[in-house]
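Data from work35.pdb: PDB, C-alpha atoms
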ATOM      1  CA  MET A  58     -43.080  13.485  -5.353
ATOM      2  CA  ALA A  59     -42.466  11.329  -8.411
ATOM      3  CA  SER A  60     -45.205  10.945 -10.976
ATOM      4  CA  SER A  61     -46.226   7.662 -12.515
ATOM      5  CA  ASN A  62     -48.026   7.190 -15.851
ATOM      6  CA  ASN A  63     -50.204   9.953 -17.255
ATOM      7  CA  GLY A  64     -48.701  12.487 -14.866
ATOM      8  CA  VAL A  65     -50.536  10.884 -11.922
ATOM      9  CA  PRO A  66     -48.549  11.118  -8.647
ATOM     10  CA  GLN A  67     -47.503   7.793  -7.188
ATOM     11  CA  THR A  68     -49.625   6.190  -4.486
ATOM     12  CA  GLY A  69     -48.374   7.201  -1.031
ATOM     13  CA  LYS A  70     -47.093   4.720   1.539
ATOM     14  CA  SER A  71     -48.157   6.523   4.741
ATOM     15  CA  LEU A  72     -51.089   5.174   6.739
ATOM     16  CA  ILE A  73     -54.714   6.112   5.977
ATOM     17  CA  VAL A  74     -57.082   5.119   8.800
ATOM     18  CA  SER A  75     -60.766   4.786   7.969
ATOM     19  CA  PHE A  76     -63.278   4.927  10.829
ATOM     20  CA  GLY A  77     -66.895   3.778  10.942
ATOM     21  CA  GLU A  78     -69.179   0.969   9.882
ATOM     22  CA  MET A  79     -68.705  -2.261   7.981
ATOM     23  CA  LEU A  80     -71.704  -4.419   7.191
ATOM     24  CA  ILE A  81     -73.185  -7.015   4.879
ATOM     25  CA  ASP A  82     -75.162  -5.725   1.899
ATOM     26  CA  PHE A  83     -77.758  -8.132   0.520
ATOM     27  CA  VAL A  84     -78.060  -7.273  -3.156
ATOM     28  CA  PRO A  85     -80.899  -8.660  -5.323
ATOM     29  CA  THR A  86     -79.880 -11.140  -8.005
ATOM     30  CA  VAL A  87     -82.097  -9.181 -10.433
ATOM     31  CA  SER A  88     -81.856  -5.416 -11.029
ATOM     32  CA  GLY A  89     -84.842  -3.124 -11.321
ATOM     33  CA  VAL A  90     -87.166  -4.918  -8.881
ATOM     34  CA  SER A  91     -88.337  -4.055  -5.365
ATOM     35  CA  LEU A  92     -86.996  -5.962  -2.351
ATOM     36  CA  ALA A  93     -90.292  -7.854  -2.098
ATOM     37  CA  GLU A  94     -90.106  -8.903  -5.753
ATOM     38  CA  ALA A  95     -86.441  -9.966  -5.680
ATOM     39  CA  PRO A  96     -86.127 -13.724  -6.291
ATOM     40  CA  GLY A  97     -82.914 -13.929  -4.263
ATOM     41  CA  PHE A  98     -80.011 -11.990  -2.791
ATOM     42  CA  LEU A  99     -76.232 -12.170  -2.910
ATOM     43  CA  LYS A 100     -74.321 -11.159   0.198
ATOM     44  CA  ALA A 101     -71.690  -8.505  -0.382
ATOM     45  CA  PRO A 102     -69.388  -6.876   2.170
ATOM     46  CA  GLY A 103     -70.063  -3.137   2.439
ATOM     47  CA  GLY A 104     -69.957  -0.018   4.576
ATOM     48  CA  ALA A 105     -68.471   3.149   3.119
ATOM     49  CA  PRO A 106     -65.465   3.568   5.487
ATOM     50  CA  ALA A 107     -64.458  -0.070   4.961
ATOM     51  CA  ASN A 108     -64.819   0.337   1.192
ATOM     52  CA  VAL A 109     -62.494   3.362   1.335
ATOM     53  CA  ALA A 110     -59.861   1.394   3.290
ATOM     54  CA  ILE A 111     -59.929  -1.394   0.702
ATOM     55  CA  ALA A 112     -59.940   1.114  -2.197
ATOM     56  CA  VAL A 113     -56.698   2.583  -0.801
ATOM     57  CA  SER A 114     -55.079  -0.822  -0.416
ATOM     58  CA  ARG A 115     -56.249  -1.996  -3.865
ATOM     59  CA  ILE A 116     -54.253   0.766  -5.596
ATOM     60  CA  GLY A 117     -51.158   0.058  -3.492
ATOM     61  CA  GLY A 118     -51.687   2.328  -0.478
ATOM     62  CA  LYS A 119     -51.483   1.529   3.237
ATOM     63  CA  SER A 120     -54.747   1.499   5.192
ATOM     64  CA  ALA A 121     -56.378   0.398   8.420
ATOM     65  CA  PHE A 122     -60.019   0.158   9.492
ATOM     66  CA  VAL A 123     -61.302   1.157  12.937
ATOM     67  CA  GLY A 124     -64.757  -0.003  13.965
ATOM     68  CA  LYS A 125     -66.802  -2.685  15.696
ATOM     69  CA  LEU A 126     -68.274  -5.877  14.298
ATOM     70  CA  GLY A 127     -70.484  -8.545  15.819
ATOM     71  CA  ASP A 128     -68.724 -11.561  17.287
ATOM     72  CA  ASP A 129     -70.623 -13.654  14.738
ATOM     73  CA  GLU A 130     -69.938 -15.400  11.439
ATOM     74  CA  PHE A 131     -70.584 -12.269   9.397
ATOM     75  CA  GLY A 132     -68.358 -10.132  11.637
ATOM     76  CA  HIS A 133     -65.433 -12.544  11.372
ATOM     77  CA  MET A 134     -66.039 -12.885   7.634
ATOM     78  CA  LEU A 135     -65.789  -9.081   7.244
ATOM     79  CA  ALA A 136     -62.599  -8.872   9.316
ATOM     80  CA  GLY A 137     -61.179 -11.630   7.100
ATOM     81  CA  ILE A 138     -62.102  -9.710   3.939
ATOM     82  CA  LEU A 139     -60.243  -6.632   5.222
ATOM     83  CA  LYS A 140     -57.131  -8.704   5.925
ATOM     84  CA  GLU A 141     -57.344 -10.517   2.558
ATOM     85  CA  ASN A 142     -57.402  -7.104   0.908
ATOM     86  CA  GLY A 143     -54.307  -5.877   2.733
ATOM     87  CA  VAL A 144     -56.126  -3.648   5.240
ATOM     88  CA  SER A 145     -54.925  -3.695   8.847
ATOM     89  CA  ALA A 146     -57.633  -5.019  11.175
ATOM     90  CA  ASP A 147     -55.786  -3.888  14.331
ATOM     91  CA  GLY A 148     -58.515  -1.307  15.008
ATOM     92  CA  ILE A 149     -61.409  -3.783  14.986
ATOM     93  CA  ASN A 150     -63.357  -4.744  18.107
ATOM     94  CA  PHE A 151     -65.927  -7.537  18.324
ATOM     95  CA  ASP A 152     -69.158  -7.193  20.309
ATOM     96  CA  GLN A 153     -70.415 -10.295  22.109
ATOM     97  CA  GLY A 154     -74.009  -9.082  22.389
ATOM     98  CA  ALA A 155     -74.876  -7.323  19.123
ATOM     99  CA  ARG A 156     -74.959  -8.600  15.572
ATOM    100  CA  THR A 157     -73.055  -7.293  12.563
ATOM    101  CA  ALA A 158     -75.228  -4.806  10.651
ATOM    102  CA  LEU A 159     -77.126  -5.907   7.535
ATOM    103  CA  ALA A 160     -78.553  -3.832   4.697
ATOM    104  CA  PHE A 161     -80.887  -4.941   1.922
ATOM    105  CA  VAL A 162     -80.130  -2.914  -1.185
ATOM    106  CA  THR A 163     -82.539  -2.412  -4.089
ATOM    107  CA  LEU A 164     -80.765  -1.982  -7.415
ATOM    108  CA  ARG A 165     -82.933   0.162  -9.656
ATOM    109  CA  ALA A 166     -82.770  -0.333 -13.426
ATOM    110  CA  ASP A 167     -80.360   2.646 -13.749
ATOM    111  CA  GLY A 168     -77.921   1.094 -11.251
ATOM    112  CA  ASP A 169     -78.903   3.455  -8.414
ATOM    113  CA  ARG A 170     -79.846   2.148  -4.978
ATOM    114  CA  GLU A 171     -82.342   2.209  -2.138
ATOM    115  CA  PHE A 172     -81.563   0.760   1.307
ATOM    116  CA  MET A 173     -83.360  -1.096   4.110
ATOM    117  CA  PHE A 174     -81.190  -1.530   7.213
ATOM    118  CA  TYR A 175     -81.157  -4.105  10.024
ATOM    119  CA  ARG A 176     -79.245  -2.528  12.936
ATOM    120  CA  ASN A 177     -81.194  -2.501  16.163
ATOM    121  CA  PRO A 178     -78.599  -1.926  17.523
ATOM    122  CA  SER A 179     -75.818  -3.421  15.452
ATOM    123  CA  ALA A 180     -72.275  -3.856  16.739
ATOM    124  CA  ASP A 181     -70.874  -0.812  14.892
ATOM    125  CA  MET A 182     -73.193   1.463  16.936
ATOM    126  CA  LEU A 183     -71.723   0.175  20.207
ATOM    127  CA  LEU A 184     -68.058   1.113  19.797
ATOM    128  CA  ARG A 185     -66.951   2.933  22.962
ATOM    129  CA  PRO A 186     -64.206   5.577  23.248
ATOM    130  CA  GLU A 187     -62.118   3.388  25.570
ATOM    131  CA  GLU A 188     -62.072   0.601  22.934
ATOM    132  CA  LEU A 189     -60.249   2.739  20.360
ATOM    133  CA  ASN A 190     -56.783   1.638  19.262
ATOM    134  CA  VAL A 191     -55.172   4.986  20.119
ATOM    135  CA  GLU A 192     -51.692   4.122  18.818
ATOM    136  CA  LEU A 193     -53.078   3.074  15.440
ATOM    137  CA  ILE A 194     -55.080   6.312  15.109
ATOM    138  CA  LYS A 195     -52.076   8.404  16.179
ATOM    139  CA  SER A 196     -49.989   6.843  13.413
ATOM    140  CA  ALA A 197     -52.424   7.939  10.644
ATOM    141  CA  LYS A 198     -51.324  10.581   8.142
ATOM    142  CA  VAL A 199     -54.964  10.756   6.961
ATOM    143  CA  PHE A 200     -58.011   9.979   9.121
ATOM    144  CA  HIS A 201     -61.192   9.365   7.093
ATOM    145  CA  TYR A 202     -64.767   9.059   8.404
ATOM    146  CA  GLY A 203     -68.445   9.380   7.553
ATOM    147  CA  SER A 204     -71.530  10.485   9.484
ATOM    148  CA  ILE A 205     -73.352   7.212  10.222
ATOM    149  CA  SER A 206     -71.133   6.796  13.290
ATOM    150  CA  LEU A 207     -72.547  10.106  14.646
ATOM    151  CA  ILE A 208     -76.144   8.873  14.867
ATOM    152  CA  VAL A 209     -76.157   7.237  18.319
ATOM    153  CA  GLU A 210     -74.080   6.848  21.464
ATOM    154  CA  PRO A 211     -71.666   5.391  22.400
ATOM    155  CA  CYS A 212     -70.312   5.309  18.834
ATOM    156  CA  ARG A 213     -70.735   9.080  18.452
ATOM    157  CA  SER A 214     -68.397   9.725  21.407
ATOM    158  CA  ALA A 215     -65.908   7.189  20.034
ATOM    159  CA  HIS A 216     -66.016   8.978  16.656
ATOM    160  CA  LEU A 217     -65.405  12.425  18.214
ATOM    161  CA  LYS A 218     -62.558  11.060  20.371
ATOM    162  CA  ALA A 219     -60.909   9.342  17.386
ATOM    163  CA  MET A 220     -61.079  12.580  15.355
ATOM    164  CA  GLU A 221     -59.515  14.501  18.227
ATOM    165  CA  ILE A 222     -56.678  11.957  18.635
ATOM    166  CA  ALA A 223     -55.954  11.997  14.886
ATOM    167  CA  LYS A 224     -56.049  15.794  14.630
ATOM    168  CA  ASP A 225     -53.774  16.236  17.671
ATOM    169  CA  ALA A 226     -51.308  13.821  16.071
ATOM    170  CA  GLY A 227     -51.220  15.961  12.908
ATOM    171  CA  ALA A 228     -53.413  13.883  10.570
ATOM    172  CA  LEU A 229     -55.345  15.324   7.641
ATOM    173  CA  LEU A 230     -59.063  14.833   8.422
ATOM    174  CA  SER A 231     -61.203  13.586   5.521
ATOM    175  CA  TYR A 232     -65.026  13.609   5.738
ATOM    176  CA  ASP A 233     -67.554  11.973   3.422
ATOM    177  CA  PRO A 234     -70.969  12.401   5.071
ATOM    178  CA  ASN A 235     -72.362   9.426   3.112
ATOM    179  CA  LEU A 236     -75.979  10.390   3.820
ATOM    180  CA  ARG A 237     -78.287   7.467   4.606
ATOM    181  CA  LEU A 238     -81.524   9.163   5.618
ATOM    182  CA  PRO A 239     -83.391   5.980   6.703
ATOM    183  CA  LEU A 240     -80.891   5.624   9.588
ATOM    184  CA  TRP A 241     -81.544   9.086  11.058
ATOM    185  CA  PRO A 242     -84.493   9.993  13.323
ATOM    186  CA  SER A 243     -85.350  12.942  11.028
ATOM    187  CA  GLU A 244     -83.974  15.043   8.182
ATOM    188  CA  GLU A 245     -83.363  17.921  10.596
ATOM    189  CA  GLU A 246     -81.352  15.728  12.968
ATOM    190  CA  ALA A 247     -79.306  14.371  10.050
ATOM    191  CA  ARG A 248     -78.509  17.863   8.776
ATOM    192  CA  GLU A 249     -77.638  19.163  12.245
ATOM    193  CA  GLN A 250     -75.394  16.259  13.239
ATOM    194  CA  ILE A 251     -73.635  15.999   9.866
ATOM    195  CA  LYS A 252     -72.814  19.710  10.118
ATOM    196  CA  SER A 253     -71.830  19.491  13.816
ATOM    197  CA  ILE A 254     -68.301  18.332  12.877
ATOM    198  CA  TRP A 255     -68.112  20.187   9.546
ATOM    199  CA  ASP A 256     -65.479  22.745  10.530
ATOM    200  CA  LYS A 257     -63.036  20.091  11.771
ATOM    201  CA  ALA A 258     -62.428  18.519   8.344
ATOM    202  CA  ASP A 259     -59.554  19.409   6.001
ATOM    203  CA  VAL A 260     -61.055  17.547   3.023
ATOM    204  CA  ILE A 261     -64.798  17.107   2.452
ATOM    205  CA  LYS A 262     -66.465  15.105  -0.318
ATOM    206  CA  VAL A 263     -70.203  15.339  -0.968
ATOM    207  CA  SER A 264     -72.441  14.051  -3.741
ATOM    208  CA  GLU A 265     -74.904  16.265  -5.639
ATOM    209  CA  VAL A 266     -77.736  14.857  -3.519
ATOM    210  CA  GLU A 267     -75.849  15.590  -0.273
ATOM    211  CA  LEU A 268     -75.038  19.118  -1.460
ATOM    212  CA  GLU A 269     -78.734  19.823  -2.089
ATOM    213  CA  PHE A 270     -79.723  18.207   1.219
ATOM    214  CA  LEU A 271     -77.182  20.093   3.344
ATOM    215  CA  THR A 272     -77.760  23.494   1.728
ATOM    216  CA  GLN A 273     -81.539  22.929   1.354
ATOM    217  CA  SER A 274     -81.184  24.173  -2.189
ATOM    218  CA  ASP A 275     -82.349  22.709  -5.492
ATOM    219  CA  LYS A 276     -79.262  24.063  -7.236
ATOM    220  CA  CYS A 277     -75.890  22.388  -7.645
ATOM    221  CA  ASP A 278     -73.831  25.370  -8.792
ATOM    222  CA  ASP A 279     -70.585  26.893  -7.486
ATOM    223  CA  ALA A 280     -72.381  29.395  -5.236
ATOM    224  CA  THR A 281     -74.364  26.593  -3.569
ATOM    225  CA  ALA A 282     -71.217  24.472  -3.098
ATOM    226  CA  MET A 283     -69.402  27.416  -1.497
ATOM    227  CA  GLU A 284     -72.117  27.570   1.175
ATOM    228  CA  LEU A 285     -70.388  24.421   2.512
ATOM    229  CA  TRP A 286     -66.958  26.073   2.629
ATOM    230  CA  HIS A 287     -65.399  26.740   6.043
ATOM    231  CA  PRO A 288     -62.201  28.697   6.832
ATOM    232  CA  ASN A 289     -60.088  25.649   7.788
ATOM    233  CA  LEU A 290     -61.078  23.609   4.728
ATOM    234  CA  LYS A 291     -58.353  22.738   2.227
ATOM    235  CA  LEU A 292     -60.408  20.908  -0.406
ATOM    236  CA  LEU A 293     -64.139  20.571  -1.070
ATOM    237  CA  LEU A 294     -65.218  17.984  -3.638
ATOM    238  CA  VAL A 295     -68.664  17.567  -5.169
ATOM    239  CA  THR A 296     -69.105  14.295  -7.067
ATOM    240  CA  LEU A 297     -71.516  14.506  -9.991
ATOM    241  CA  GLY A 298     -71.829  10.836 -11.014
ATOM    242  CA  GLU A 299     -71.645  10.514 -14.795
ATOM    243  CA  LYS A 300     -70.773  14.231 -15.037
ATOM    244  CA  GLY A 301     -67.502  13.874 -13.097
ATOM    245  CA  CYS A 302     -66.597  16.067 -10.125
ATOM    246  CA  ARG A 303     -66.082  19.662  -9.065
ATOM    247  CA  TYR A 304     -63.272  20.826  -6.801
ATOM    248  CA  TYR A 305     -62.890  23.933  -4.656
ATOM    249  CA  THR A 306     -59.790  25.146  -2.790
ATOM    250  CA  LYS A 307     -58.870  28.499  -1.223
ATOM    251  CA  ASN A 308     -57.302  29.696  -4.481
ATOM    252  CA  PHE A 309     -58.999  27.940  -7.398
ATOM    253  CA  HIS A 310     -61.921  25.771  -8.427
ATOM    254  CA  GLY A 311     -62.910  23.741 -11.471
ATOM    255  CA  GLU A 312     -64.453  20.585 -12.876
ATOM    256  CA  VAL A 313     -63.013  17.274 -14.068
ATOM    257  CA  ALA A 314     -65.021  15.214 -16.558
ATOM    258  CA  ALA A 315     -66.091  11.637 -15.903
ATOM    259  CA  PHE A 316     -65.255   8.510 -17.874
ATOM    260  CA  HIS A 317     -68.165   6.938 -19.706
ATOM    261  CA  VAL A 318     -68.562   3.258 -18.907
ATOM    262  CA  ASN A 319     -71.361   0.690 -18.874
ATOM    263  CA  THR A 320     -72.804   1.284 -15.375
ATOM    264  CA  VAL A 321     -74.202  -1.790 -13.635
ATOM    265  CA  ASP A 322     -74.178  -0.765  -9.949
ATOM    266  CA  THR A 323     -73.100   2.582  -8.457
ATOM    267  CA  THR A 324     -72.364   1.051  -5.022
ATOM    268  CA  GLY A 325     -68.921   2.064  -3.807
ATOM    269  CA  ALA A 326     -68.123   4.514  -6.642
ATOM    270  CA  GLY A 327     -67.809   7.466  -4.254
ATOM    271  CA  ASP A 328     -65.732   5.376  -1.833
ATOM    272  CA  SER A 329     -63.422   4.341  -4.654
ATOM    273  CA  PHE A 330     -63.103   8.001  -5.707
ATOM    274  CA  ILE A 331     -62.203   9.342  -2.248
ATOM    275  CA  GLY A 332     -59.907   6.373  -1.496
ATOM    276  CA  ALA A 333     -57.951   7.084  -4.691
ATOM    277  CA  LEU A 334     -57.670  10.788  -3.901
ATOM    278  CA  LEU A 335     -56.441  10.154  -0.340
ATOM    279  CA  ALA A 336     -53.912   7.522  -1.475
ATOM    280  CA  LYS A 337     -52.446  10.005  -3.963
ATOM    281  CA  ILE A 338     -52.152  12.947  -1.525
ATOM    282  CA  VAL A 339     -51.230  11.155   1.733
ATOM    283  CA  ASP A 340     -47.481  11.650   1.225
ATOM    284  CA  ASP A 341     -47.701  15.045  -0.486
ATOM    285  CA  GLN A 342     -50.549  17.274   0.640
ATOM    286  CA  SER A 343     -49.130  20.167  -1.417
ATOM    287  CA  ILE A 344     -50.950  18.530  -4.370
ATOM    288  CA  ILE A 345     -54.126  20.176  -3.011
ATOM    289  CA  GLU A 346     -52.586  23.599  -3.714
ATOM    290  CA  ASP A 347     -51.192  22.718  -7.167
ATOM    291  CA  GLU A 348     -54.082  22.726  -9.646
ATOM    292  CA  PRO A 349     -52.482  20.737 -12.514
ATOM    293  CA  ARG A 350     -51.399  17.944 -10.140
ATOM    294  CA  LEU A 351     -54.737  18.022  -8.306
ATOM    295  CA  ARG A 352     -56.581  17.710 -11.625
ATOM    296  CA  ALA A 353     -54.405  14.701 -12.560
ATOM    297  CA  VAL A 354     -55.268  13.055  -9.225
ATOM    298  CA  LEU A 355     -58.991  13.803  -9.645
ATOM    299  CA  LYS A 356     -58.937  12.363 -13.162
ATOM    300  CA  PHE A 357     -57.398   9.209 -11.685
ATOM    301  CA  ALA A 358     -60.040   9.210  -8.898
ATOM    302  CA  ASN A 359     -62.847   9.646 -11.462
ATOM    303  CA  ALA A 360     -61.470   6.646 -13.357
ATOM    304  CA  CYS A 361     -61.503   4.601 -10.118
ATOM    305  CA  GLY A 362     -65.123   5.579  -9.480
ATOM    306  CA  ALA A 363     -66.143   4.761 -13.052
ATOM    307  CA  ILE A 364     -64.564   1.285 -13.031
ATOM    308  CA  THR A 365     -66.283   0.533  -9.705
ATOM    309  CA  THR A 366     -69.718   1.015 -11.336
ATOM    310  CA  THR A 367     -69.083  -1.653 -13.984
ATOM    311  CA  LYS A 368     -69.590  -4.624 -11.614
ATOM    312  CA  LYS A 369     -72.115  -5.510  -8.914
ATOM    313  CA  GLY A 370     -71.100  -4.841  -5.306
ATOM    314  CA  ALA A 371     -68.490  -2.404  -4.034
ATOM    315  CA  ILE A 372     -65.454  -4.386  -2.878
ATOM    316  CA  PRO A 373     -65.217  -6.851  -5.804
ATOM    317  CA  ALA A 374     -65.475  -3.884  -8.204
ATOM    318  CA  LEU A 375     -62.765  -1.674  -6.642
ATOM    319  CA  PRO A 376     -59.976  -1.330  -9.239
ATOM    320  CA  ASN A 377     -56.224  -1.765  -8.984
ATOM    321  CA  GLU A 378     -53.738   0.753 -10.367
ATOM    322  CA  THR A 379     -53.245  -1.179 -13.627
ATOM    323  CA  ASP A 380     -57.008  -1.153 -14.373
ATOM    324  CA  VAL A 381     -57.112   2.602 -13.805
ATOM    325  CA  LEU A 382     -54.035   3.436 -15.870
ATOM    326  CA  SER A 383     -55.357   1.410 -18.793
ATOM    327  CA  LEU A 384     -58.658   3.372 -18.677
ATOM    328  CA  LEU A 385     -56.676   6.637 -18.512
ATOM    329  CA  LYS A 386     -54.537   5.574 -21.500
ATOM    330  CA  GLY A 387     -57.580   4.630 -23.524
ATOM    331  CA  ALA A 388     -59.342   7.935 -22.799
TER     332      ALA A 388
END

Entire entry expressed as structure tokens:
Amino acid sequence: MASSNNGVPQTGKSLIVSFGEMLIDFVPTVSGVSLAEAPGFLKAPGGAPANVAIAVSRIGGKSAFVGKLGDDEFGHMLAGILKENGVSADGINFDQGARTALAFVTLRADGDREFMFYRNPSADMLLRPEELNVELIKSAKVFHYGSISLIVEPCRSAHLKAMEIAKDAGALLSYDPNLRLPLWPSEEEAREQIKSIWDKADVIKVSEVELEFLTQSDKCDDATAMELWHPNLKLLLVTLGEKGCRYYTKNFHGEVAAFHVNTVDTTGAGDSFIGALLAKIVDDQSIIEDEPRLRAVLKFANACGAITTTKKGAIPALPNETDVLSLLKGA
């Protein structure tokens, strides 16, 4: 595969399908205050799988989103945002009875977040297996998903069916658990269900916090990360925020440093990172086995994540290829 600037492989043109939730985040107009103290909120489209689909499209890749939205103003607004950002909405269903999910997000002074969710139930939880766009899923070269869609039925069954369809059609399966503990009945249930599909994934990305949660360890070293390894895994990634990321494959492992930027809001940084990685490997999965090329892709992905933290909200902050290459050149 040809390389573009800085030795970074070109963005692939094969389809990446992202499965799961899309919602409205209500973000306080002032950072560093509690939800109760916030003077006002701005609405921002969110939901990790949707962010990943847009991240792919933003850097020139081809993506589609599969999920369910409420047949309400917010649901149609979100579907419109996907289309405006070049993401296929052919996998979206609308639910007549349930609302689009909402989340109120507290932005702490350091740019980190806390969440309060309104989904009781929300439309995304009600996607049924028979509503899946099977042809769209079959055409994916990469099928990406999180764990929020595993929490309740019928969405859990739809998630498992979609994974099976994608795998049978030869797709690379990409998993970012995207832990949101307030949505789970208990920590134990979250750990058990997140791990219930662990050995199906080809690529897994976890944050430091998720690594500690899943391994029940207070360490974030190589030995702890390797507790998450499974025999069918091709690539395990641990994102370390301002410290960059670690990568583990069957034959090598290492670390790629982060880019230092003025962080305003960390929302969507991990989604931007994994979207960039998937867009760069979708047409040439041999990159995973070639350490110099993988490191170049991860450096690019780190740059995407860094740029995403410099603005409020996920989707408006997701970078295009030019933004990323200029950060790489300046580094």

* Asked: What does the distance between CA of Ile344 (chain A) and CA of Phe309 (chain A) come to in Å, to one decimal place?
  ->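 So the two atoms, CA of Ile344 (chain A) and CA of Phe309 (chain A), lie 12.7 Å apart.
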
* Check which residues satisfy the PyMOL selection byres ((chain A and resi 143) around 9) in the file shown, then give them as a ChimeraX atom specification. => /A:111,114-115,119-121,138-142,144-145

Dump C-alpha atoms for the selected residues as a compact mmCIF listing (two decimals), in the frame of the given file?
# COMPACT_ATOMS: atom_id res chain seq x y z
CA ILE A 111 -59.93 -1.39 0.70
CA SER A 114 -55.08 -0.82 -0.42
CA ARG A 115 -56.25 -2.00 -3.86
CA LYS A 119 -51.48 1.53 3.24
CA SER A 120 -54.75 1.50 5.19
CA ALA A 121 -56.38 0.40 8.42
CA ILE A 138 -62.10 -9.71 3.94
CA LEU A 139 -60.24 -6.63 5.22
CA LYS A 140 -57.13 -8.70 5.92
CA GLU A 141 -57.34 -10.52 2.56
CA ASN A 142 -57.40 -7.10 0.91
CA VAL A 144 -56.13 -3.65 5.24
CA SER A 145 -54.92 -3.70 8.85

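Here CA of Asp181 (chain A) and CA of Lys125 (chain A) stand 4.6 Å from one another.
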
* To do: Could you tell me which residues the PyMOL selection byres ((chain A and resi 150) around 8) returns for this structure, as a PyMOL selection string?
  => chain A and resi 124-126+148-149+151-152+184+188

* To do: Please identify all polymer residues within 8 Å of region 254-266 of chain A, counting only C-alpha atoms, omitting same-chain residues fewer than 5 positions from it, and present them as a VMD selection string.
  => chain A and resid 229 to 235 277 287 to 298 331

* **Two-atom distance - CA of Gly327 (chain A), CA of Glu245 (chain A) (Å)** =>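 CA of Glu245 (chain A) lies at a distance of 23.9 Å from CA of Gly327 (chain A).
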
* To do: Using the chain letters and numbers from the file, give me the residues hit by the PyMOL selection byres ((chain A and resi 376) around 7), as an MDAnalysis selection string.
  => chainID A and resid 115 361 364:365 374:375 377:378 380:381

Quick one: write out the picked residues with C-alpha atoms as a PDB file, in the coordinates of the input?
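Dumped to again-v2.pdb:
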ATOM      1  CA  ARG A 115     -56.249  -1.996  -3.865  1.00  0.00           C
ATOM      2  CA  CYS A 361     -61.503   4.601 -10.118  1.00  0.00           C
ATOM      3  CA  ILE A 364     -64.564   1.285 -13.031  1.00  0.00           C
ATOM      4  CA  THR A 365     -66.283   0.533  -9.705  1.00  0.00           C
ATOM      5  CA  ALA A 374     -65.475  -3.884  -8.204  1.00  0.00           C
ATOM      6  CA  LEU A 375     -62.765  -1.674  -6.642  1.00  0.00           C
ATOM      7  CA  ASN A 377     -56.224  -1.765  -8.984  1.00  0.00           C
ATOM      8  CA  GLU A 378     -53.738   0.753 -10.367  1.00  0.00           C
ATOM      9  CA  ASP A 380     -57.008  -1.153 -14.373  1.00  0.00           C
ATOM     10  CA  VAL A 381     -57.112   2.602 -13.805  1.00  0.00           C
TER      11      VAL A 381
END

* **Residue with smallest distance to Ala110 (chain A) - pool A:Val354, A:Leu159, A:Ile73, A:Met220, counting only C-alpha atoms** => A:Ile73

* **Closest of A:Ala226, A:Leu72, A:Met134, A:Leu385 to Ala197 (chain A) - atom-to-atom distances counting only C-alpha atoms** => A:Leu72

* To do: Can you work out which one of A:Ser329, A:Asn359, A:Thr306, A:Thr366 has the shortest atom-to-atom distance to Ser343 (chain A), counting all atoms listed in the file?
  =>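 Closest candidate: A:Thr306.
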